[in-house]
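Okay, input-v9.cif now, which holds mmCIF, C-alpha atoms and all ligand atoms:
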data_query
#
loop_
_atom_site.label_atom_id
_atom_site.label_comp_id
_atom_site.auth_asym_id
_atom_site.auth_seq_id
_atom_site.Cartn_x
_atom_site.Cartn_y
_atom_site.Cartn_z
CA MET C 1 81.97 114.75 106.28
CA SER C 2 80.99 111.73 108.29
CA GLY C 3 77.81 111.86 110.34
CA VAL C 4 76.16 114.71 108.45
CA GLN C 5 74.09 112.98 105.86
CA PRO C 6 71.04 113.72 103.77
CA HIS C 7 67.89 112.72 105.56
CA ASP C 8 64.17 112.75 105.25
CA VAL C 9 63.55 115.96 107.14
CA ASP C 10 64.04 119.32 105.42
CA PHE C 11 65.77 121.25 108.22
CA ASP C 12 66.03 124.48 106.26
CA LYS C 13 62.26 124.42 105.88
CA LEU C 14 61.62 123.51 109.49
CA GLY C 15 62.39 126.97 110.82
CA SER C 16 59.51 128.39 108.81
CA GLU C 17 56.98 125.65 109.50
CA HIS C 18 53.91 127.00 111.15
CA HIS C 19 52.51 123.81 112.59
CA VAL C 20 54.77 121.26 114.16
CA GLY C 21 52.69 118.39 115.37
CA PRO C 22 53.40 115.06 117.04
CA ASN C 23 54.25 113.48 113.69
CA THR C 24 57.03 116.01 113.08
CA LEU C 25 58.33 115.32 116.56
CA LYS C 26 58.45 111.61 115.78
CA ARG C 27 60.21 112.22 112.46
CA LEU C 28 62.79 114.50 114.07
CA VAL C 29 63.50 112.02 116.83
CA ALA C 30 63.85 109.21 114.30
CA ALA C 31 66.22 111.28 112.13
CA TRP C 32 68.59 112.12 115.01
CA PRO C 33 71.03 109.24 114.45
CA ARG C 34 71.57 110.45 110.87
CA ARG C 35 71.66 114.21 111.29
CA ALA C 36 73.13 114.88 114.74
CA THR C 37 76.47 116.69 114.56
CA VAL C 38 77.61 114.71 117.59
CA ARG C 39 78.27 112.01 115.03
CA THR C 40 80.67 114.30 113.17
CA ASP C 41 84.37 113.57 113.37
CA MET C 42 85.83 116.70 114.99
CA ALA C 43 89.34 115.99 113.72
CA ASP C 44 87.88 115.62 110.26
CA PHE C 45 86.31 119.04 110.12
CA MET C 46 88.68 121.06 112.25
CA GLY C 47 92.00 119.27 112.09
CA SER C 48 92.92 119.88 108.48
CA ARG C 49 91.93 123.53 108.37
CA THR C 50 94.45 126.27 108.84
CA GLY C 51 93.60 129.93 109.26
CA ASP C 52 93.62 132.30 106.30
CA PRO C 53 95.50 135.49 107.34
CA ASP C 54 93.42 137.56 104.90
CA LEU C 55 90.14 136.66 106.59
CA GLU C 56 88.63 138.00 109.80
CA ASP C 57 87.81 135.89 112.85
CA TYR C 58 84.49 137.66 113.39
CA PRO C 59 82.40 139.65 110.87
CA VAL C 60 83.42 143.32 111.06
CA HIS C 61 79.87 144.44 110.32
CA LEU C 62 78.72 142.76 113.56
CA ILE C 63 81.03 144.93 115.67
CA PRO C 64 78.63 147.70 116.68
CA PHE C 65 81.33 150.38 116.98
CA ALA C 66 83.36 149.35 113.92
CA GLU C 67 82.99 152.82 112.37
CA HIS C 68 83.58 154.85 115.54
CA PRO C 69 86.45 157.31 114.94
CA LEU C 70 88.26 156.38 118.16
CA PHE C 71 88.13 152.71 117.22
CA LEU C 72 89.35 153.49 113.72
CA ASP C 73 92.22 155.50 115.26
CA ALA C 74 93.51 152.39 117.03
CA SER C 75 96.32 150.38 115.45
CA ASP C 76 95.52 147.53 113.07
CA GLU C 77 96.96 145.17 115.63
CA LYS C 78 94.62 146.31 118.38
CA ARG C 79 91.55 146.30 116.13
CA ARG C 80 92.47 142.85 114.95
CA LEU C 81 92.70 141.70 118.58
CA VAL C 82 89.20 143.06 119.29
CA ASN C 83 87.96 141.16 116.24
CA THR C 84 89.53 137.93 117.49
CA LEU C 85 88.13 138.47 120.98
CA GLY C 86 84.72 139.16 119.44
CA TRP C 87 84.86 135.65 117.97
CA GLN C 88 85.88 134.21 121.34
CA ALA C 89 83.05 136.08 123.07
CA TYR C 90 80.59 134.82 120.46
CA ASN C 91 81.55 131.24 121.34
CA ALA C 92 81.46 132.04 125.04
CA ARG C 93 77.91 133.40 124.72
CA VAL C 94 76.79 130.15 123.10
CA ILE C 95 78.56 128.00 125.68
CA ALA C 96 77.16 130.00 128.62
CA ALA C 97 73.61 129.68 127.30
CA GLU C 98 73.99 125.93 126.90
CA GLU C 99 75.98 125.07 130.00
CA TYR C 100 74.22 127.28 132.52
CA VAL C 101 70.69 127.59 131.16
CA ALA C 102 69.67 125.05 128.50
CA ASN C 103 71.37 121.99 129.99
CA PRO C 104 70.10 122.49 133.55
CA THR C 105 66.63 122.88 132.01
CA PHE C 106 66.97 119.74 129.90
CA GLU C 107 67.97 117.91 133.10
CA MET C 108 64.87 119.23 134.83
CA LEU C 109 62.78 118.12 131.85
CA ALA C 110 64.33 114.65 132.03
CA HIS C 111 63.77 114.45 135.78
CA GLY C 112 60.08 115.28 135.58
CA VAL C 113 60.33 118.72 137.23
CA PHE C 114 57.78 120.03 134.72
CA PRO C 115 54.54 118.16 134.08
CA GLY C 116 53.49 117.03 130.60
CA VAL C 117 56.76 115.43 129.44
CA GLU C 118 55.77 111.89 130.28
CA ARG C 119 55.28 110.36 126.82
CA TYR C 120 58.32 108.54 125.52
CA GLU C 121 58.84 110.56 122.30
CA ALA C 122 58.99 113.79 124.28
CA ARG C 123 61.52 112.38 126.76
CA GLU C 124 63.57 110.96 123.92
CA ALA C 125 63.55 114.31 122.10
CA MET C 126 64.73 116.13 125.23
CA GLN C 127 67.46 113.57 125.88
CA GLN C 128 68.71 113.87 122.30
CA SER C 129 68.67 117.66 122.52
CA HIS C 130 70.60 117.55 125.79
CA ILE C 131 73.27 115.34 124.20
CA ASP C 132 73.46 117.76 121.26
CA GLU C 133 73.97 120.73 123.57
CA VAL C 134 76.84 119.10 125.42
CA TRP C 135 78.44 118.40 122.04
CA HIS C 136 77.90 122.00 120.93
CA THR C 137 79.76 123.23 123.98
CA TYR C 138 82.59 120.88 123.06
CA MET C 139 82.65 122.22 119.46
CA HIS C 140 82.73 125.84 120.59
CA MET C 141 85.30 125.29 123.35
CA THR C 142 87.50 123.49 120.81
CA ALA C 143 87.13 126.43 118.42
CA MET C 144 88.08 128.84 121.23
CA GLN C 145 91.13 126.77 122.14
CA ARG C 146 92.26 126.67 118.48
CA THR C 147 92.00 130.45 118.36
CA LYS C 148 93.84 130.83 121.63
CA GLU C 149 96.69 128.68 120.36
CA ALA C 150 96.80 130.31 116.93
CA TYR C 151 97.26 133.79 118.44
CA ASP C 152 99.23 132.80 121.57
CA LEU C 153 96.56 134.33 123.78
CA ASP C 154 98.08 133.60 127.19
CA VAL C 155 95.53 135.75 128.93
CA GLU C 156 91.97 136.48 127.83
CA PRO C 157 89.25 138.77 129.14
CA ASP C 158 86.44 137.19 131.13
CA TYR C 159 83.58 136.77 128.68
CA SER C 160 81.95 133.88 130.49
CA HIS C 161 78.95 135.85 131.73
CA PRO C 162 77.11 137.19 128.67
CA ILE C 163 74.15 139.51 128.92
CA THR C 164 71.74 136.64 128.23
CA ASN C 165 72.72 134.89 131.46
CA ARG C 166 73.30 138.04 133.52
CA ARG C 167 69.69 139.10 133.02
CA LEU C 168 68.34 135.65 133.87
CA PHE C 169 70.39 135.43 137.05
CA GLU C 170 69.31 138.93 138.09
CA LEU C 171 65.71 137.76 137.88
CA THR C 172 66.21 134.39 139.59
CA ALA C 173 68.07 136.12 142.43
CA GLY C 174 64.84 137.94 143.23
CA LYS C 175 62.73 134.77 143.35
CA SER C 176 62.46 132.96 146.67
CA GLU C 177 60.59 129.88 145.42
CA LYS C 178 62.29 127.10 143.49
CA TRP C 179 59.32 126.68 141.15
CA GLU C 180 59.68 130.34 140.15
CA ARG C 181 63.36 129.94 139.31
CA ASP C 182 62.56 126.72 137.41
CA ILE C 183 59.97 128.50 135.27
CA LEU C 184 62.44 131.30 134.50
CA PHE C 185 65.00 128.75 133.31
CA LEU C 186 62.26 127.12 131.21
CA VAL C 187 61.30 130.47 129.63
CA TRP C 188 64.93 131.31 128.80
CA THR C 189 65.50 127.84 127.35
CA VAL C 190 62.36 127.86 125.22
CA VAL C 191 63.06 131.31 123.79
CA GLY C 192 66.72 130.42 123.40
CA GLU C 193 66.03 127.21 121.52
CA LEU C 194 63.55 128.94 119.22
CA HIS C 195 65.86 131.86 118.62
CA ILE C 196 69.46 130.56 118.62
CA ASN C 197 69.56 129.90 114.89
CA ASN C 198 69.26 133.64 114.27
CA PHE C 199 72.46 134.00 116.29
CA LEU C 200 74.21 131.11 114.54
CA GLU C 201 73.16 132.24 111.07
CA LEU C 202 74.98 135.52 111.66
CA LEU C 203 78.19 133.59 111.01
CA ALA C 204 77.09 130.37 109.33
CA ARG C 205 77.29 131.68 105.77
CA ASP C 206 79.69 134.58 106.19
CA THR C 207 82.52 134.45 103.66
CA THR C 208 84.59 137.24 105.24
CA ILE C 209 85.58 135.09 108.23
CA GLN C 210 87.69 131.96 108.70
CA PRO C 211 85.86 129.06 107.04
CA MET C 212 86.19 126.96 110.18
CA HIS C 213 84.35 129.61 112.19
CA ALA C 214 81.45 129.67 109.77
CA LEU C 215 81.42 125.89 109.70
CA VAL C 216 81.12 125.57 113.49
CA ALA C 217 78.09 127.87 113.40
CA ARG C 218 76.61 126.03 110.41
CA LEU C 219 76.94 122.59 111.99
CA HIS C 220 75.49 123.84 115.24
CA ALA C 221 72.59 125.47 113.37
CA ARG C 222 71.78 122.15 111.75
CA ASP C 223 70.98 120.61 115.14
CA GLU C 224 69.15 123.69 116.33
CA ALA C 225 66.86 123.58 113.30
CA ALA C 226 65.42 120.49 114.98
CA HIS C 227 65.59 121.73 118.58
CA GLY C 228 63.31 124.72 118.00
CA PRO C 229 60.34 122.68 116.71
CA LEU C 230 60.96 119.95 119.30
CA VAL C 231 61.01 122.33 122.24
CA ALA C 232 57.94 124.18 120.92
CA GLU C 233 56.04 120.91 120.70
CA VAL C 234 57.06 119.81 124.20
CA MET C 235 56.29 123.27 125.58
CA LYS C 236 52.71 122.96 124.36
CA ASP C 237 52.33 119.82 126.46
CA ILE C 238 53.96 121.41 129.47
CA PHE C 239 51.88 124.59 129.28
CA ALA C 240 48.67 122.58 129.29
CA HIS C 241 49.74 121.11 132.64
CA LEU C 242 51.06 124.24 134.38
CA ASN C 243 49.01 125.72 137.20
CA ALA C 244 47.73 129.30 137.05
CA GLN C 245 50.68 130.80 138.95
CA GLN C 246 53.23 129.03 136.78
CA ARG C 247 51.44 130.17 133.61
CA GLU C 248 51.36 133.78 134.81
CA LEU C 249 55.08 133.77 135.47
CA PHE C 250 55.77 132.17 132.08
CA ILE C 251 53.65 134.79 130.29
CA HIS C 252 55.07 137.77 132.19
CA THR C 253 58.72 136.84 131.80
CA LEU C 254 58.65 135.89 128.11
CA PRO C 255 59.39 139.49 127.06
CA ASP C 256 62.36 139.59 129.47
CA ALA C 257 63.78 136.46 127.88
CA ILE C 258 63.25 137.83 124.38
CA THR C 259 65.01 141.12 125.08
CA ALA C 260 67.84 139.36 126.93
CA LEU C 261 68.46 136.77 124.22
CA GLY C 262 68.36 139.34 121.43
CA ALA C 263 70.46 141.96 123.21
CA GLN C 264 73.73 143.40 122.06
CA ASP C 265 76.24 142.76 124.86
CA TYR C 266 77.84 146.16 125.43
CA GLY C 267 79.23 145.17 128.83
CA THR C 268 81.29 142.44 127.21
CA TRP C 269 82.29 144.64 124.25
CA GLU C 270 83.62 147.27 126.66
CA ASN C 271 85.69 144.59 128.44
CA LEU C 272 87.15 143.52 125.10
CA LEU C 273 88.03 147.10 124.15
CA GLN C 274 89.69 147.70 127.51
CA PHE C 275 91.56 144.40 127.30
CA ALA C 276 92.93 145.45 123.89
CA ARG C 277 93.91 148.83 125.43
CA ILE C 278 91.89 150.83 122.93
CA SER C 279 91.97 154.51 123.89
CA GLY C 280 88.53 155.91 124.71
CA SER C 281 86.89 152.49 125.25
CA LYS C 282 84.19 153.93 127.48
CA GLU C 283 83.45 156.76 125.08
CA ILE C 284 83.19 154.37 122.15
CA ILE C 285 80.59 152.29 123.98
CA THR C 286 78.67 155.30 125.34
CA ASP C 287 78.48 156.89 121.90
CA THR C 288 77.39 153.64 120.25
CA CYS C 289 74.67 153.00 122.85
CA SER C 290 73.30 156.51 122.40
CA LEU C 291 72.57 155.90 118.71
CA PRO C 292 69.05 154.76 117.81
CA ASP C 293 68.34 151.08 117.21
CA THR C 294 71.49 149.79 118.88
CA GLU C 295 70.17 147.84 121.86
CA MET C 296 69.19 144.64 120.10
CA MET C 297 71.14 142.43 117.74
CA PHE C 298 67.85 140.88 116.60
CA THR C 299 64.24 141.78 116.36
CA ASP C 300 62.97 138.72 114.50
CA PHE C 301 61.28 136.56 117.11
CA SER C 302 58.65 135.16 114.78
CA THR C 303 59.35 131.60 115.96
CA VAL C 304 58.52 132.65 119.53
CA GLU C 305 55.45 134.51 118.26
CA ARG C 306 54.25 131.34 116.57
CA LEU C 307 54.50 129.39 119.84
CA VAL C 308 52.75 132.18 121.73
CA GLN C 309 49.88 131.97 119.24
CA GLU C 310 49.74 128.19 119.52
CA LEU C 311 49.57 128.49 123.30
CA GLY C 312 46.70 130.97 122.90
CA ILE C 313 48.42 133.65 124.99
CA GLU C 314 49.08 136.26 122.29
CA ASP C 315 46.86 138.79 124.08
CA ARG C 316 48.71 138.34 127.34
CA VAL C 317 52.36 138.56 126.31
CA GLU C 318 53.55 142.16 126.47
CA TYR C 319 55.93 142.13 123.57
CA ASP C 320 55.44 143.83 120.23
CA PHE C 321 56.04 141.02 117.78
CA SER C 322 55.08 143.27 114.87
CA VAL C 323 58.68 144.48 114.90
CA SER C 324 59.59 140.98 113.70
CA HIS C 325 57.51 141.52 110.61
CA GLU C 326 58.87 144.96 109.84
CA THR C 327 62.61 144.41 109.96
CA LYS C 328 64.22 141.05 110.33
CA ASN C 329 67.47 140.94 112.24
CA SER C 330 67.61 144.66 112.63
CA ARG C 331 67.72 146.48 115.89
CA ARG C 332 64.87 147.26 118.18
CA ARG C 333 63.95 150.70 119.42
CA SER C 334 62.58 151.73 122.76
CA GLN C 335 64.77 150.17 125.44
CA ALA C 336 67.82 151.58 127.11
CA PRO C 337 70.86 149.34 126.79
CA GLU C 338 72.15 147.40 129.79
CA ARG C 339 75.66 148.45 130.67
FE FE L 401 73.15 124.14 120.92
FE FE L 402 69.52 123.60 121.19
#
With the file now loaded, output its structure as C-alpha cells.
Amino acid sequence: MSGVQPHDVDFDKLGSEHHVGPNTLKRLVAAWPRRATVRTDMADFMGSRTGDPDLEDYPVHLIPFAEHPLFLDASDEKRRLVNTLGWQAYNARVIAAEEYVANPTFEMLAHGVFPGVERYEAREAMQQSHIDEVWHTYMHMTAMQRTKEAYDLDVEPDYSHPITNRRLFELTAGKSEKWERDILFLVWTVVGELHINNFLELLARDTTIQPMHALVARLHARDEAAHGPLVAEVMKDIFAHLNAQQRELFIHTLPDAITALGAQDYGTWENLLQFARISGSKEIITDTCSLPDTEMMFTDFSTVERLVQELGIEDRVEYDFSVSHETKNSRRRSQAPER
C-alpha cells in the first residue's frame, strides 16, 4: 500500500510510552511524510475490495443489547440493518469528533488562541495533525458512502450528533465567556486525541467484520498513535502558560470529557432501533441501561492519567483512574446513562 511505509518510530510502542519529550516530538514530526495515511491511495485500499456477505459490518459483541430477547425476536433483516447502521454511526461519531471539536481546536492552536505553542516544532505538529484529521473525515465519509451504496440506503437516521459532542455543547452553552468555551474545546480535544485509539482498536483487528471496515480503523489508528503523544507534549507547554482561571476550568472539566468520550451512546442506539422498526426499541434500551456496568464503552484512560501526572494535577482531577488499572476497556460503574 503506497504511503504507509516502515519508519523509524515504533507507533505500536508509542501508546505505552511514559515519557514523551521534545525529541520524540521532533522524531514524530520528521516521520510524518512517511507514515501519514493522507499519503495513502484511497482507490488502492478501498476500490478493489468488495463486501463479504458472510461478515458483519459492525462487531456484534459491541452492540450493547445484542442478547436482549426483544432484539433477538426481530427478523434477521432488521437485526442486520441495525448492525449496518451501527457501523455508520461509528463512522459518524469519529467524523463529528474531528469536524466539530478537534479541527476547530487545531485551528485555534494554529492561530495562537492558546499560549505556549509558539515554537516551530509544536506548530508544525499541530498543522500535520490537523491535515490528518481532515483526511480521516474523508476516509470515514467515503466508507459511509460505500456502505450506503452497497445497501441502497436511500434514507438514514440522523447520527450526526453523538454523545461525545452533545455533552460538550451542553457545557459550552452554559459558558458566557469565549475563553471558557475555548478551554472546553481544548479539554475535549486533548482527551479525545489521547483516547481515540481505544475506540479505533475496537474494530481495527476484528476479523468478524468486513475487512475494509477494520482497515479504515487500522489506518486511522496509525496516525492517532502519533497524535496522542504530540498533543500531550504540546499540552504541557500550554498548561504552563495558562492563567489560574483557565487551569481551574481545565482541571474541573477533564472528568466530563473523559466520561463523554468513553460513553456508550444509547440515544443514538435507540434512534437506530426505531429506524429499523424493531418492536420494543424503548424497552430494549431501558433494560440495557438498567444493567450494571453499561454506561461506558471504555474505562481505560491511562494515557490521560499519564498526562495528568505530568502536569502535576493528579490530586486535583476528580476522576478515579484506578478503574483503568483494574479492567481495561470494560464498563464503568457509578454513573447514570445519558438518554
Ligand atoms: Fe483522526
Ligand atoms: Fe487525531
Considering all atoms listed in the file, can you say which of C:Val187, C:Ala36, C:Ile284, C:Ala31 comes closest to Asp223 of chain C? C:Ala36
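Atom pair atom CA of Glu224 of chain C / atom FE of ligand FE 401 (chain L) has a distance of 6.1 Å (rounded to one decimal).
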Find the distance between atom CA of Gln274 of chain C and atom CA of Pro157 of chain C and write it in Å to one decimal.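 Atom CA of Pro157 of chain C lies at a distance of 9.1 Å from atom CA of Gln274 of chain C.
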Name the residues in contact with segment 228-236 of chain C at a cut-off of 7 Å, using all atoms listed in the file, excluding same-chain residues fewer than 5 positions from it; report them as a ChimeraX atom specification. /C:20-21,25,117,122,125,190,193-194,307,311
Write the residues of the preceding selection, restricted to C-alpha atoms, as a JSON list (two decimals), keeping the file's coordinate frame.
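Saved as again-v8.json:
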[["chain", "number", "residue", "atom", "x", "y", "z"],
["C", 20, "VAL", "CA", 54.77, 121.26, 114.16],
["C", 21, "GLY", "CA", 52.69, 118.39, 115.37],
["C", 25, "LEU", "CA", 58.33, 115.32, 116.56],
["C", 117, "VAL", "CA", 56.76, 115.43, 129.44],
["C", 122, "ALA", "CA", 58.99, 113.79, 124.28],
["C", 125, "ALA", "CA", 63.55, 114.31, 122.10],
["C", 190, "VAL", "CA", 62.36, 127.86, 125.22],
["C", 193, "GLU", "CA", 66.03, 127.21, 121.52],
["C", 194, "LEU", "CA", 63.55, 128.94, 119.22],
["C", 307, "LEU", "CA", 54.50, 129.39, 119.84],
["C", 311, "LEU", "CA", 49.57, 128.49, 123.30]]
Please identify every residue of chain C that has at least one atom no farther than 10 Å from an atom of ligand FE 402 (chain L), counting only C-alpha atoms and all ligand atoms, and for each give the shortest atom pair and the distance in Å to one decimal, arranged by chain then increasing number, as a Markdown table.
| residue | atom | partner | partner_atom | distance |
| --- | --- | --- | --- | --- |
| C:Val94 | CA | L:FE402 | FE | 10.0 |
| C:Ala97 | CA | L:FE402 | FE | 9.5 |
| C:Glu98 | CA | L:FE402 | FE | 7.6 |
| C:Ala102 | CA | L:FE402 | FE | 7.5 |
| C:Asn103 | CA | L:FE402 | FE | 9.1 |
| C:Phe106 | CA | L:FE402 | FE | 9.9 |
| C:Met126 | CA | L:FE402 | FE | 9.8 |
| C:Gln128 | CA | L:FE402 | FE | 9.8 |
| C:Ser129 | CA | L:FE402 | FE | 6.1 |
| C:His130 | CA | L:FE402 | FE | 7.7 |
| C:Ile131 | CA | L:FE402 | FE | 9.6 |
| C:Asp132 | CA | L:FE402 | FE | 7.0 |
| C:Glu133 | CA | L:FE402 | FE | 5.8 |
| C:Val134 | CA | L:FE402 | FE | 9.6 |
| C:His136 | CA | L:FE402 | FE | 8.5 |
| C:Thr189 | CA | L:FE402 | FE | 8.5 |
| C:Val190 | CA | L:FE402 | FE | 9.3 |
| C:Gly192 | CA | L:FE402 | FE | 7.7 |
| C:Glu193 | CA | L:FE402 | FE | 5.0 |
| C:Leu194 | CA | L:FE402 | FE | 8.2 |
| C:His195 | CA | L:FE402 | FE | 9.4 |
| C:Ile196 | CA | L:FE402 | FE | 7.4 |
| C:Asn197 | CA | L:FE402 | FE | 8.9 |
| C:His220 | CA | L:FE402 | FE | 8.4 |
| C:Ala221 | CA | L:FE402 | FE | 8.6 |
| C:Arg222 | CA | L:FE402 | FE | 9.8 |
| C:Asp223 | CA | L:FE402 | FE | 6.9 |
| C:Glu224 | CA | L:FE402 | FE | 4.9 |
| C:Ala225 | CA | L:FE402 | FE | 8.3 |
| C:Ala226 | CA | L:FE402 | FE | 8.1 |
| C:His227 | CA | L:FE402 | FE | 5.1 |
| C:Gly228 | CA | L:FE402 | FE | 7.1 |
| C:Leu230 | CA | L:FE402 | FE | 9.5 |
| C:Val231 | CA | L:FE402 | FE | 8.7 |
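Shortest atom-to-atom contact with ligand FE 401 (chain L) among C:Ala74, C:Val317, C:Leu28, C:Leu219: C:Leu219, counting only C-alpha atoms and all ligand atoms.
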Quick one: distance from atom CA of Glu318 of chain C to atom CA of Phe199 of chain C in Å, one decimal? 23.0 Å
Looking at C:His68, C:Arg181, C:His61, C:Arg218, which one is nearest to ligand FE 401 (chain L), with distances taken over only C-alpha atoms and all ligand atoms?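 Residue with the minimum atom-to-atom distance to ligand FE 401 (chain L): C:Arg218.
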With 10 Å as the threshold, what does the neighbourhood of (89.6, 133.2, 111.9) contain in terms of residues, counting all atoms listed in the file? Coordinates are those of the file; answer as a PyMOL selection string. chain C and resi 50-59+83-84+87+143+146-147+150+208-214
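Using all atoms listed in the file, the nearest neighbour of Leu202 of chain C within the list C:Pro255, C:Thr40, C:Arg247, C:Tyr90 is C:Tyr90.
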